[in-house]
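Visitor: Encoded as structure tokens, here's the structure I'll be asking about.
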Amino acid sequence: MEEYQEMYRKPKYTMAWLGLQSLYIIGLAIILAIVSSGIDSLASGRVKSGFFEGDGYNLLSQSIAYCFAIISITGISLMLVEVVFRKGINYLQYALIAMALTLFYLLLLALSEKLPFGASYAIVSTMTIGLTAWFINGITHKTKAVGMTVSILVAEYGLLFILINLGSMALLIGSLSLFLLIALAMYFTLKLKVVNEELVIK
């Protein structure tokens, strides 16, 4: 019976799905990047009120500038998780993950008022990665999917911390990192094949 259902199941992971998911993720990233600019304004107000030190604000403001990239890369990575593990992530779940990635900046602001920026960054990034890992585990029930997601987030937040502390070298390293990410994306798209009208990675 299961084989019969599988044979006549309507394909889900099609090229149309890929296009719609990509548009949704980019739209979500744009909206939440605008929201994160509000967090930047809040941080500026906290500096003027004397609650937040100037050096910490500069680092926070630089990290907020990467919000769009963090959400976009994570979202596209989750699309890859869907295709590889055949575990659906719905639009609400994508939005909740993106909101958690945006809340990272508000938590970082709040904690940086009480602790050094480096310690605050380590705590908040660990919280965000842990929450996302727990959520992905609940959705997929696949250890490999959780490991893949955690690896991507650790790489993103690790690179972000390096970039905001590099000063004048940040543009060069950031540009080279984006080039590498585009190269990786191209590599994985070469692995995407359409079999029986459905995307698979081979």
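Chain lettering (A, B, ...) mirrors the order of the structure tokens, residue numbering begins at 1 for each chain separately, and ligand numbering begins at 1 in order of display.
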Env of region 118-125 of chain A: 8 Å cut, atoms = only C-alpha atoms, seq-sep filter 2 positions within chain, self excluded. Answer as a list in words.
Guide: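 Close residues of region 118-125 of chain A: Phe104, Leu107, Leu108, Leu111, Ser112, Leu115, Pro116, Met127, Thr128, Ile129 and Tyr157 of chain A.
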Visitor: Could you name the residues that touch region 18-29 of chain A at 10 Å or less, counting only C-alpha atoms, but leaving out those on the same chain fewer than 2 positions away, as a ChimeraX atom specification?
Guide: /A:12-16,31-35,67-76,79-80,83,90-91,94-95,98-99,102,199
Visitor: Report the distance between CA of Gln93 (chain A) and CA of Thr189 (chain A) in Å, rounded to one decimal place.
Guide: 23.8 Å
Visitor: Report the closest atom pair, with its distance in Å rounded to one decimal, for each residue of region 35-125 of chain A that has an atom no farther than 9 Å from region 138-151 of chain A; count only C-alpha atoms, sort by chain and then rising residue number, and write it as CSV.
Guide:
```
residue,atom,partner,partner_atom,distance
A:Thr74,CA,A:Thr149,CA,8.0
A:Ser77,CA,A:Thr149,CA,7.4
A:Leu78,CA,A:Thr149,CA,7.3
A:Val81,CA,A:Ala145,CA,6.2
A:Glu82,CA,A:Thr140,CA,8.7
A:Val84,CA,A:Ala145,CA,8.6
A:Phe85,CA,A:Ala145,CA,7.2
A:Arg86,CA,A:Thr140,CA,8.6
A:Lys87,CA,A:Thr140,CA,5.6
A:Gly88,CA,A:Thr140,CA,7.8
A:Ile89,CA,A:Ile139,CA,7.1
A:Gln93,CA,A:Ile139,CA,8.9
```
Visitor: So, with only C-alpha atoms as the atoms that count, which of A:Ser63, A:Asn58, A:Ile152, A:Ile164 lies closest to Leu181 (chain A)?
Guide: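 Among the listed residues, A:Ile152 lies closest to Leu181 (chain A).
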Visitor: Identify, with DSSP run on backbone atoms, the residues in region 3-199 of chain A assigned to strand (DSSP E), and express the list as JSON, numbers by chain.
Guide: {"A": [192, 193, 194, 195, 198, 199]}
Visitor: Grab the CA of Asn137 (chain A) to CA of Val195 (chain A) distance for me, in Å with one decimal place.
Guide: 27.3 Å
Visitor: Considering only C-alpha atoms, return as a count of residues only whatever protein or nucleic-acid residues lie within 10 Å of Asn165 (chain A), sequence-local ones (same chain, fewer than 5 positions apart) excluded.
Guide: 5
Visitor: Region 43-167 of chain A: which residues are alpha helix (DSSP H) by DSSP, as JSON, numbers by chain?
Guide: {"A": [43, 44, 45, 46, 47, 48, 54, 55, 56, 57, 58, 59, 60, 61, 62, 63, 64, 67, 68, 69, 70, 71, 72, 73, 74, 75, 76, 77, 78, 79, 80, 81, 82, 83, 84, 85, 91, 92, 93, 94, 95, 96, 97, 98, 99, 100, 101, 102, 103, 104, 105, 106, 107, 108, 109, 110, 111, 112, 117, 118, 119, 120, 121, 122, 123, 124, 125, 126, 127, 128, 129, 130, 131, 132, 133, 134, 135, 136, 137, 138, 139, 140, 143, 144, 145, 146, 147, 148, 149, 150, 151, 152, 153, 154, 155, 156, 157, 158, 159, 160, 161, 162, 163, 164]}
Visitor: Could the residues in this selection be saved with C-alpha atoms as a short mmCIF file (atom, residue, chain, number, x, y, z; two decimals), in the first residue's frame?
Guide:
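File produced: selection-v7.cif:
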```cif
data_model
loop_
_atom_site.label_atom_id
_atom_site.label_comp_id
_atom_site.auth_asym_id
_atom_site.auth_seq_id
_atom_site.Cartn_x
_atom_site.Cartn_y
_atom_site.Cartn_z
CA ALA A 43 20.84 50.54 20.55
CA SER A 44 21.73 54.08 19.44
CA GLY A 45 19.16 55.44 21.87
CA ARG A 46 20.56 53.27 24.67
CA VAL A 47 24.04 54.70 23.98
CA LYS A 48 22.68 58.25 24.27
CA GLY A 54 30.06 53.12 22.40
CA ASP A 55 32.50 50.32 21.49
CA GLY A 56 29.87 47.66 22.07
CA TYR A 57 27.40 49.65 19.99
CA ASN A 58 29.81 49.82 17.05
CA LEU A 59 30.26 46.03 17.09
CA LEU A 60 26.52 45.42 17.44
CA SER A 61 25.74 47.84 14.61
CA GLN A 62 28.25 46.11 12.33
CA SER A 63 26.77 42.69 13.14
CA ILE A 64 23.24 43.93 12.36
CA CYS A 67 21.27 40.24 9.24
CA PHE A 68 19.99 39.81 5.68
CA ALA A 69 22.88 37.52 4.76
CA ILE A 70 22.53 35.38 7.92
CA ILE A 71 18.79 34.82 7.40
CA SER A 72 19.15 34.19 3.65
CA ILE A 73 22.01 31.70 4.00
CA THR A 74 20.27 29.87 6.85
CA GLY A 75 16.99 29.73 4.94
CA ILE A 76 18.61 28.37 1.80
CA SER A 77 20.48 25.83 3.93
CA LEU A 78 17.16 24.68 5.41
CA MET A 79 15.83 24.21 1.87
CA LEU A 80 18.78 21.90 1.29
CA VAL A 81 17.91 20.03 4.50
CA GLU A 82 14.36 19.57 3.17
CA VAL A 83 15.54 18.15 -0.14
CA VAL A 84 18.22 15.88 1.36
CA PHE A 85 16.15 14.45 4.21
CA TYR A 91 6.34 28.59 6.01
CA LEU A 92 5.53 29.30 9.66
CA GLN A 93 8.53 27.26 10.81
CA TYR A 94 10.82 29.12 8.39
CA ALA A 95 9.45 32.41 9.76
CA LEU A 96 9.97 31.34 13.39
CA ILE A 97 13.59 30.37 12.69
CA ALA A 98 14.19 33.69 10.92
CA MET A 99 12.62 35.55 13.85
CA ALA A 100 14.93 33.71 16.27
CA LEU A 101 17.90 34.79 14.14
CA THR A 102 16.67 38.40 14.33
CA LEU A 103 15.98 38.21 18.07
CA PHE A 104 19.68 37.35 18.38
CA TYR A 105 20.50 41.07 17.93
CA LEU A 106 18.04 42.26 20.58
CA LEU A 107 19.35 39.70 23.07
CA LEU A 108 22.91 40.71 22.18
CA LEU A 109 22.06 44.36 22.87
CA ALA A 110 20.41 43.54 26.21
CA LEU A 111 23.21 41.27 27.42
CA SER A 112 26.00 43.55 26.18
CA PHE A 117 30.56 42.12 24.15
CA GLY A 118 32.59 38.95 23.43
CA ALA A 119 31.00 37.05 26.32
CA SER A 120 27.55 38.31 25.35
CA TYR A 121 28.09 37.23 21.75
CA ALA A 122 29.17 33.73 22.80
CA ILE A 123 26.17 33.28 25.12
CA VAL A 124 23.54 34.63 22.71
CA SER A 125 24.90 32.77 19.67
CA THR A 126 24.93 29.53 21.71
CA MET A 127 21.32 30.18 22.78
CA THR A 128 20.23 30.87 19.19
CA ILE A 129 22.03 27.85 17.72
CA GLY A 130 20.70 25.62 20.53
CA LEU A 131 17.11 26.78 20.01
CA THR A 132 17.32 26.28 16.24
CA ALA A 133 18.91 22.83 16.66
CA TRP A 134 16.13 21.78 19.06
CA PHE A 135 13.49 23.02 16.59
CA ILE A 136 15.06 21.28 13.59
CA ASN A 137 15.30 18.06 15.61
CA GLY A 138 11.60 18.34 16.42
CA ILE A 139 10.74 18.87 12.74
CA THR A 140 13.00 16.28 11.11
CA THR A 143 20.50 13.76 13.82
CA LYS A 144 22.30 14.47 10.53
CA ALA A 145 19.87 17.28 9.70
CA VAL A 146 20.50 18.84 13.13
CA GLY A 147 24.27 18.45 12.69
CA MET A 148 24.14 20.05 9.26
CA THR A 149 22.10 23.01 10.55
CA VAL A 150 24.31 23.51 13.62
CA SER A 151 27.49 23.39 11.50
CA ILE A 152 26.14 26.09 9.18
CA LEU A 153 25.06 28.34 12.05
CA VAL A 154 28.36 27.91 13.92
CA ALA A 155 30.23 28.83 10.73
CA GLU A 156 27.97 31.87 10.16
CA TYR A 157 28.23 33.25 13.69
CA GLY A 158 31.93 32.46 13.91
CA LEU A 159 32.63 34.27 10.64
CA LEU A 160 30.40 37.18 11.68
CA PHE A 161 32.33 37.62 14.94
CA ILE A 162 35.62 37.62 13.04
CA LEU A 163 34.33 40.14 10.48
CA ILE A 164 33.08 42.68 13.03
#
```
